[in-house]
Structures are given as C-alpha cells and as structure tokens.
file entry_0.txt (compact mmCIF, C-alpha atoms)
# COMPACT_ATOMS: atom_id res chain seq x y z
CA MET A 1 106.57 135.88 114.90
CA PHE A 2 106.24 139.03 116.94
CA GLY A 3 108.71 141.17 115.15
CA THR A 4 108.71 140.59 111.40
CA ALA A 5 107.06 143.94 110.72
CA GLY A 6 109.34 145.60 113.26
CA VAL A 7 112.46 144.06 111.78
CA ILE A 8 111.57 145.07 108.23
CA SER A 9 110.69 148.60 109.40
CA ILE A 10 113.92 149.03 111.35
CA LEU A 11 116.02 147.53 108.55
CA GLY A 12 114.30 149.75 105.96
CA ILE A 13 114.76 152.99 107.90
CA GLY A 14 118.25 151.99 109.04
CA SER A 15 119.25 151.12 105.46
CA TYR A 16 118.40 154.63 104.30
CA PHE A 17 120.61 156.19 106.97
CA ASP A 18 123.35 153.60 106.49
CA ILE A 19 123.53 154.27 102.75
CA ARG A 20 123.21 158.03 103.03
CA TRP A 21 125.32 158.85 106.10
CA LYS A 22 126.98 155.53 107.10
CA ARG A 23 125.33 155.89 110.52
CA ILE A 24 122.32 154.38 112.23
CA PRO A 25 120.28 156.89 114.27
CA THR A 26 120.29 156.44 118.03
CA ALA A 27 116.54 157.14 118.06
CA LEU A 28 115.97 154.16 115.75
CA LEU A 29 118.07 151.90 117.96
CA GLY A 30 116.25 153.19 121.04
CA ALA A 31 112.80 152.62 119.55
CA GLY A 32 113.87 149.17 118.41
CA THR A 33 115.20 148.36 121.86
CA ILE A 34 111.94 149.36 123.53
CA TRP A 35 109.99 147.28 121.01
CA ALA A 36 112.32 144.30 121.53
CA ILE A 37 111.98 144.53 125.32
CA LEU A 38 108.20 144.49 124.96
CA CYS A 39 108.47 141.40 122.73
CA VAL A 40 110.66 139.64 125.31
CA ILE A 41 108.21 140.54 128.10
CA LEU A 42 105.37 139.11 126.02
CA GLN A 43 107.37 135.92 125.49
CA VAL A 44 108.04 135.68 129.25
CA LEU A 45 104.30 135.92 129.87
CA GLN A 46 103.56 133.26 127.23
CA LYS A 47 106.38 130.75 127.78
CA GLY A 48 107.61 131.42 131.29
CA ALA A 49 110.68 133.26 132.46
CA GLY A 50 113.27 130.49 132.15
CA GLU A 51 112.53 129.46 128.58
CA ALA A 52 112.00 133.00 127.31
CA MET A 53 115.18 134.35 128.91
CA MET A 54 117.26 131.46 127.52
CA ALA A 55 115.80 132.09 124.06
CA ALA A 56 116.57 135.83 124.39
CA PHE A 57 120.13 135.07 125.50
CA LEU A 58 120.75 132.78 122.54
CA SER A 59 119.15 135.20 120.10
CA VAL A 60 121.54 138.06 120.94
CA LEU A 61 124.71 135.98 120.48
CA PRO A 62 125.16 136.68 116.71
CA GLY A 63 124.86 140.42 117.32
CA VAL A 64 127.22 140.30 120.29
CA GLY A 65 129.70 138.42 118.10
CA LEU A 66 129.47 141.16 115.47
CA LEU A 67 130.00 143.82 118.18
CA LEU A 68 133.12 141.98 119.34
CA LEU A 69 134.31 141.82 115.73
CA SER A 70 133.77 145.58 115.54
CA LEU A 71 136.01 146.08 118.56
CA LEU A 72 138.68 143.69 117.27
CA THR A 73 138.83 145.31 113.82
CA GLU A 74 138.96 148.84 115.23
CA LYS A 75 135.49 149.72 113.90
CA LYS A 76 136.01 148.43 110.34
CA VAL A 77 132.79 146.56 111.03
CA GLY A 78 130.19 149.01 112.30
CA SER A 79 128.94 148.60 115.84
CA GLY A 80 125.50 149.72 114.68
CA ASP A 81 125.31 146.60 112.52
CA GLY A 82 125.90 144.48 115.62
CA LEU A 83 123.24 146.39 117.58
CA ILE A 84 120.71 145.93 114.76
CA LEU A 85 121.57 142.21 114.62
CA ILE A 86 120.90 141.99 118.37
CA LEU A 87 117.47 143.54 117.76
CA LEU A 88 116.86 141.18 114.85
CA GLY A 89 117.62 138.24 117.13
CA LEU A 90 115.37 139.52 119.91
CA PHE A 91 112.50 140.10 117.49
CA GLU A 92 112.69 136.87 115.55
CA GLY A 93 114.96 134.48 117.41
CA VAL A 94 118.32 132.99 116.59
CA GLU A 95 116.83 130.53 114.09
CA ARG A 96 115.89 133.44 111.82
CA ALA A 97 118.63 135.91 112.71
CA VAL A 98 121.51 133.64 111.70
CA PRO A 99 120.22 132.85 108.17
CA VAL A 100 119.44 136.54 107.56
CA PHE A 101 122.94 137.47 108.75
CA CYS A 102 124.66 134.79 106.64
CA LEU A 103 122.68 135.63 103.49
CA GLY A 104 123.35 139.33 104.05
CA LEU A 105 127.09 138.67 104.31
CA PHE A 106 126.96 136.57 101.15
CA LEU A 107 125.10 139.25 99.18
CA GLN A 108 127.44 141.97 100.41
CA SER A 109 130.47 139.89 99.44
CA LEU A 110 129.04 139.39 95.93
CA LEU A 111 128.76 143.15 95.53
CA ALA A 112 132.25 143.69 96.94
CA VAL A 113 133.79 141.17 94.56
CA GLY A 114 131.93 142.72 91.64
CA LEU A 115 133.11 146.21 92.59
CA LEU A 116 136.70 144.99 92.92
CA ILE A 117 136.60 143.19 89.57
CA PHE A 118 135.30 146.28 87.77
CA LYS A 119 137.72 148.51 89.71
CA LYS A 120 134.90 150.60 91.18
CA ALA A 121 136.21 150.04 94.73
CA ASP A 122 139.34 149.10 96.64
CA LYS A 123 140.08 147.36 99.96
CA GLN A 124 139.27 150.52 101.90
CA THR A 125 135.80 151.08 100.39
CA CYS A 126 133.05 151.12 102.99
CA ILE A 127 129.91 149.22 101.97
CA PRO A 128 126.81 149.66 104.17
CA PHE A 129 125.57 146.36 105.62
CA LEU A 130 121.97 147.09 106.62
CA PRO A 131 120.62 147.14 103.05
CA PHE A 132 121.91 143.59 102.63
CA LEU A 133 120.25 142.52 105.87
CA LEU A 134 117.00 144.05 104.59
CA ILE A 135 117.28 142.31 101.21
CA SER A 136 118.11 138.98 102.84
CA ARG A 137 115.22 139.28 105.32
CA LEU A 138 112.80 140.07 102.49
CA LEU A 139 114.20 137.21 100.38
CA ILE A 140 113.81 134.73 103.23
CA LEU A 141 110.30 136.01 103.96
CA PHE A 142 109.35 135.63 100.29
CA LEU A 143 110.91 132.19 99.90
CA THR A 144 109.31 130.82 103.08
CA SER A 145 105.86 132.14 102.24
CA GLY A 146 103.41 130.23 100.06
CA VAL A 147 104.03 132.58 97.13
CA GLY A 148 107.79 132.06 97.28
CA ASN A 149 107.46 128.28 97.37
CA TYR A 150 105.08 128.38 94.42
CA MET A 151 107.40 130.66 92.41
CA VAL A 152 110.40 128.35 92.93
CA PHE A 153 108.63 125.55 91.08
CA ILE A 154 107.58 127.66 88.07

call {"tool": "encode", "arguments": {"input": "entry_0.txt", "output": "structure tokens"}}
result
Amino acid sequence: MFGTAGVISILGIGSYFDIRWKRIPTALLGAGTIWAILCVILQVLQKGAGEAMMAAFLSVLPGVGLLLLSLLTEKKVGSGDGLILILLGLFEGVERAVPVFCLGLFLQSLLAVGLLIFKKADKQTCIPFLPFLLISRLLILFLTSGVGNYMVFI
C-alpha cells in the first residue's frame, strides 16, 4: 500500500508525544494530512475519481466515529486519536484501519485491566492510545508478512 511507511512513522512519532505529553503535535497531523491527500490524489489518478473517492469516504469512517465518541464523552477519548485514525484509514484503507483499531483497543484494555488488578491505576487514569495503534500495526504487518506466517508455524 501507499502509506505503510507513513503510518508507522506517524504512529511512532505520535506515540512519543502521546506518552510524554498526552498530546499529538499539530505539525504531525498537518504533515500526515498533506501526505494522505497526496495518496488520495494518486489513487484518483490510478482508479478514477468515483472509486477512489468512495474508498476514501469509507476509510475515514472509523476515525470519524472515534471523533464523535470524543465529543460524546466530553474528551475522555482524545480527538487526536480520531484524527490519526482518519489518517490511518486514508493511507491504508478501511480494510486495514479497522483491524489495527480493534487490536489496539484490545491491547489497551489488557493493560488497563492489568493496571486495575494490581491497583496501579483507577477509573480516571489516562492511558495513551497511539502506542497501542503502533504496536497493533506492527503486529499485523509482521503476521501478514512471510516471516510472520513462518514464525506462527514454528
């Protein structure tokens, strides 16, 4: 796909800022947006406007859903996470964005449950989400590559 390197780069840089300051830099979102627009333009040139625009529309739906959840929960879910998920969808399509999102939620929930069990956190503890998106994207990349498939059978 067009954006695997871009997605991993944005998730890696964004994870650092999300862990350290619980914020995602506007410059990172802006650079990602420009890159995503170029990817969509390239897809329009390759596939035609109708098919590419429908694919782009579908690919932003998970991120838009997360942005709506951010508004409904009064920012308990970060809006930056939704914006990054929109970029993830534009780079790699909905068929890759949804599994990365679901696996990221699962991994984050495992950590949250573990922290609650060991009394290292409470209901109000804020856990950054981008590192889990990065880990899930790398896991999916590894498991869908030839090396990952070979390692599963060992």

call {"tool": "closest_residue", "arguments": {"input": "entry_0.txt", "among": "A:Cys102, A:Gly80, A:Lys123, A:Gly89", "to": "Ser59 (chain A)", "atoms": "all atoms listed in the file"}}
result
A:Gly89

call {"tool": "residues_around", "arguments": {"input": "entry_0.txt", "residues": "Val98 (chain A)", "least_positions_apart": "5", "cutoff": "10 Å", "atoms": "all atoms listed in the file", "output": "list in words"}}
result
Ser59, Leu61, Pro62, Gly63, Leu85, Leu88, Gly89, Gly93, Leu103 and Gly104 of chain A

call {"tool": "residues_around", "arguments": {"input": "entry_0.txt", "residues": "Pro99 (chain A)", "least_positions_apart": "4", "cutoff": "10 Å", "atoms": "all atoms listed in the file", "output": "ChimeraX atom specification"}}
result
/A:94-95,103-105,133,136-137,140

call {"tool": "closest_atom_pairs", "arguments": {"input": "entry_0.txt", "of": "region 45-147 of chain A", "to": "region 23-30 of chain A", "cutoff": "12 Å", "atoms": "all atoms listed in the file", "output": "JSON lines"}}
result
{"residue": "A:Val77", "atom": "CA", "partner": "A:Arg23", "partner_atom": "CA", "distance": 12.0}
{"residue": "A:Gly78", "atom": "CA", "partner": "A:Arg23", "partner_atom": "CA", "distance": 8.6}
{"residue": "A:Ser79", "atom": "CA", "partner": "A:Ile24", "partner_atom": "CA", "distance": 9.5}
{"residue": "A:Gly80", "atom": "CA", "partner": "A:Ile24", "partner_atom": "CA", "distance": 6.2}
{"residue": "A:Asp81", "atom": "CA", "partner": "A:Ile24", "partner_atom": "CA", "distance": 8.3}
{"residue": "A:Gly82", "atom": "CA", "partner": "A:Leu29", "partner_atom": "CA", "distance": 11.0}
{"residue": "A:Leu83", "atom": "CA", "partner": "A:Leu29", "partner_atom": "CA", "distance": 7.6}
{"residue": "A:Ile84", "atom": "CA", "partner": "A:Leu29", "partner_atom": "CA", "distance": 7.3}
{"residue": "A:Leu85", "atom": "CA", "partner": "A:Leu29", "partner_atom": "CA", "distance": 10.8}
{"residue": "A:Ile86", "atom": "CA", "partner": "A:Leu29", "partner_atom": "CA", "distance": 10.3}
{"residue": "A:Leu87", "atom": "CA", "partner": "A:Leu29", "partner_atom": "CA", "distance": 8.4}
{"residue": "A:Leu88", "atom": "CA", "partner": "A:Leu29", "partner_atom": "CA", "distance": 11.2}
{"residue": "A:Cys126", "atom": "CA", "partner": "A:Arg23", "partner_atom": "CA", "distance": 11.8}
{"residue": "A:Ile127", "atom": "CA", "partner": "A:Arg23", "partner_atom": "CA", "distance": 11.8}
{"residue": "A:Pro128", "atom": "CA", "partner": "A:Arg23", "partner_atom": "CA", "distance": 9.0}
{"residue": "A:Phe129", "atom": "CA", "partner": "A:Arg23", "partner_atom": "CA", "distance": 10.7}
{"residue": "A:Leu130", "atom": "CA", "partner": "A:Ile24", "partner_atom": "CA", "distance": 9.2}
{"residue": "A:Pro131", "atom": "CA", "partner": "A:Ile24", "partner_atom": "CA", "distance": 11.8}

call {"tool": "atom_distance", "arguments": {"input": "entry_0.txt", "atom1": "CA of Phe132 (chain A)", "atom2": "CA of Trp35 (chain A)"}}
result
22.2 Å

call {"tool": "residues_around", "arguments": {"input": "entry_0.txt", "residues": "Ile41 (chain A)", "least_positions_apart": "2", "cutoff": "12 Å", "atoms": "only C-alpha atoms", "output": "NGL selection string"}}
result
:A and (2 or 34-39 or 43-53 or 56 or 90-91)

call {"tool": "write_last_selection", "arguments": {"input": "entry_0.txt", "atoms": "C-alpha atoms", "output": "compact mmCIF listing (two decimals), in the frame of the given file"}}
result
# COMPACT_ATOMS: atom_id res chain seq x y z
CA PHE A 2 106.24 139.03 116.94
CA ILE A 34 111.94 149.36 123.53
CA TRP A 35 109.99 147.28 121.01
CA ALA A 36 112.32 144.30 121.53
CA ILE A 37 111.98 144.53 125.32
CA LEU A 38 108.20 144.49 124.96
CA CYS A 39 108.47 141.40 122.73
CA GLN A 43 107.37 135.92 125.49
CA VAL A 44 108.04 135.68 129.25
CA LEU A 45 104.30 135.92 129.87
CA GLN A 46 103.56 133.26 127.23
CA LYS A 47 106.38 130.75 127.78
CA GLY A 48 107.61 131.42 131.29
CA ALA A 49 110.68 133.26 132.46
CA GLY A 50 113.27 130.49 132.15
CA GLU A 51 112.53 129.46 128.58
CA ALA A 52 112.00 133.00 127.31
CA MET A 53 115.18 134.35 128.91
CA ALA A 56 116.57 135.83 124.39
CA LEU A 90 115.37 139.52 119.91
CA PHE A 91 112.50 140.10 117.49

call {"tool": "atom_distance", "arguments": {"input": "entry_0.txt", "atom1": "CA of Glu92 (chain A)", "atom2": "CA of Leu134 (chain A)"}}
result
13.8 Å

call {"tool": "atom_distance", "arguments": {"input": "entry_0.txt", "atom1": "CA of Val60 (chain A)", "atom2": "CA of Val7 (chain A)"}}
result
14.2 Å

call {"tool": "decode", "arguments": {"input": "entry_0.txt", "residues": "region 132-145 of chain A", "atoms": "all heavy atoms", "output": "short mmCIF file (atom, residue, chain, number, x, y, z; two decimals), in the first residue's frame"}}
result
data_model
loop_
_atom_site.label_atom_id
_atom_site.label_comp_id
_atom_site.auth_asym_id
_atom_site.auth_seq_id
_atom_site.Cartn_x
_atom_site.Cartn_y
_atom_site.Cartn_z
N PHE A 132 -0.57 1.88 21.32
CA PHE A 132 -1.26 0.61 21.05
C PHE A 132 -1.62 0.48 19.58
O PHE A 132 -1.61 -0.62 19.03
CB PHE A 132 -2.49 0.48 21.94
CG PHE A 132 -2.12 0.42 23.40
CD1 PHE A 132 -2.18 1.55 24.19
CD2 PHE A 132 -1.67 -0.76 23.95
CE1 PHE A 132 -1.80 1.51 25.51
CE2 PHE A 132 -1.29 -0.82 25.28
CZ PHE A 132 -1.36 0.32 26.06
N LEU A 133 -1.92 1.61 18.93
CA LEU A 133 -2.13 1.57 17.48
C LEU A 133 -0.82 1.19 16.77
O LEU A 133 -0.83 0.41 15.82
CB LEU A 133 -2.63 2.92 16.96
CG LEU A 133 -4.08 3.28 17.24
CD1 LEU A 133 -4.40 4.65 16.68
CD2 LEU A 133 -5.03 2.24 16.68
N LEU A 134 0.29 1.75 17.24
CA LEU A 134 1.59 1.42 16.65
C LEU A 134 1.91 -0.06 16.84
O LEU A 134 2.29 -0.74 15.88
CB LEU A 134 2.69 2.28 17.28
CG LEU A 134 4.13 1.97 16.85
CD1 LEU A 134 4.32 2.21 15.36
CD2 LEU A 134 5.11 2.79 17.66
N ILE A 135 1.75 -0.57 18.04
CA ILE A 135 2.04 -1.98 18.31
C ILE A 135 1.14 -2.88 17.47
O ILE A 135 1.60 -3.86 16.86
CB ILE A 135 1.88 -2.30 19.81
CG1 ILE A 135 2.98 -1.60 20.61
CG2 ILE A 135 1.90 -3.80 20.06
CD1 ILE A 135 2.73 -1.59 22.10
N SER A 136 -0.14 -2.53 17.38
CA SER A 136 -1.05 -3.38 16.60
C SER A 136 -0.74 -3.31 15.12
O SER A 136 -0.80 -4.33 14.42
CB SER A 136 -2.51 -3.01 16.88
OG SER A 136 -2.80 -1.71 16.44
N ARG A 137 -0.34 -2.13 14.61
CA ARG A 137 0.03 -2.05 13.19
C ARG A 137 1.27 -2.88 12.90
O ARG A 137 1.36 -3.57 11.89
CB ARG A 137 0.25 -0.59 12.77
CG ARG A 137 0.60 -0.43 11.30
CD ARG A 137 -0.54 -0.95 10.43
NE ARG A 137 -0.18 -1.04 9.05
CZ ARG A 137 0.04 -2.20 8.40
NH1 ARG A 137 -0.03 -3.35 9.04
NH2 ARG A 137 0.34 -2.20 7.13
N LEU A 138 2.26 -2.80 13.79
CA LEU A 138 3.48 -3.59 13.61
C LEU A 138 3.19 -5.09 13.73
O LEU A 138 3.74 -5.89 12.97
CB LEU A 138 4.54 -3.16 14.61
CG LEU A 138 5.14 -1.78 14.38
CD1 LEU A 138 6.04 -1.37 15.54
CD2 LEU A 138 5.88 -1.70 13.07
N LEU A 139 2.33 -5.47 14.67
CA LEU A 139 1.95 -6.88 14.82
C LEU A 139 1.26 -7.41 13.56
O LEU A 139 1.59 -8.49 13.07
CB LEU A 139 1.00 -7.04 16.01
CG LEU A 139 1.59 -7.57 17.29
CD1 LEU A 139 0.59 -7.42 18.42
CD2 LEU A 139 2.02 -9.00 17.15
N ILE A 140 0.32 -6.63 13.04
CA ILE A 140 -0.39 -7.05 11.83
C ILE A 140 0.57 -7.11 10.65
O ILE A 140 0.51 -8.03 9.84
CB ILE A 140 -1.59 -6.13 11.57
CG1 ILE A 140 -2.67 -6.40 12.62
CG2 ILE A 140 -2.14 -6.32 10.16
CD1 ILE A 140 -3.83 -5.44 12.60
N LEU A 141 1.47 -6.15 10.55
CA LEU A 141 2.46 -6.17 9.47
C LEU A 141 3.33 -7.41 9.56
O LEU A 141 3.58 -8.10 8.57
CB LEU A 141 3.33 -4.90 9.53
CG LEU A 141 4.40 -4.76 8.47
CD1 LEU A 141 3.77 -4.61 7.09
CD2 LEU A 141 5.28 -3.56 8.77
N PHE A 142 3.78 -7.74 10.77
CA PHE A 142 4.62 -8.90 10.98
C PHE A 142 3.86 -10.20 10.68
O PHE A 142 4.38 -11.10 10.01
CB PHE A 142 5.15 -8.92 12.42
CG PHE A 142 5.99 -10.11 12.75
CD1 PHE A 142 7.28 -10.22 12.25
CD2 PHE A 142 5.50 -11.12 13.54
CE1 PHE A 142 8.06 -11.33 12.54
CE2 PHE A 142 6.27 -12.23 13.85
CZ PHE A 142 7.55 -12.33 13.34
N LEU A 143 2.65 -10.29 11.17
CA LEU A 143 1.89 -11.53 10.99
C LEU A 143 1.41 -11.75 9.56
O LEU A 143 1.18 -12.89 9.16
CB LEU A 143 0.69 -11.56 11.95
CG LEU A 143 1.06 -11.68 13.42
CD1 LEU A 143 -0.18 -11.56 14.29
CD2 LEU A 143 1.80 -12.97 13.70
N THR A 144 1.27 -10.67 8.78
CA THR A 144 0.84 -10.83 7.40
C THR A 144 2.02 -10.91 6.42
O THR A 144 1.80 -11.12 5.24
CB THR A 144 -0.10 -9.69 6.97
OG1 THR A 144 0.57 -8.44 7.15
CG2 THR A 144 -1.38 -9.72 7.76
N SER A 145 3.23 -10.74 6.94
CA SER A 145 4.40 -10.89 6.07
C SER A 145 4.80 -12.36 6.03
O SER A 145 4.32 -13.17 6.80
CB SER A 145 5.56 -10.05 6.59
OG SER A 145 6.05 -10.60 7.79
#
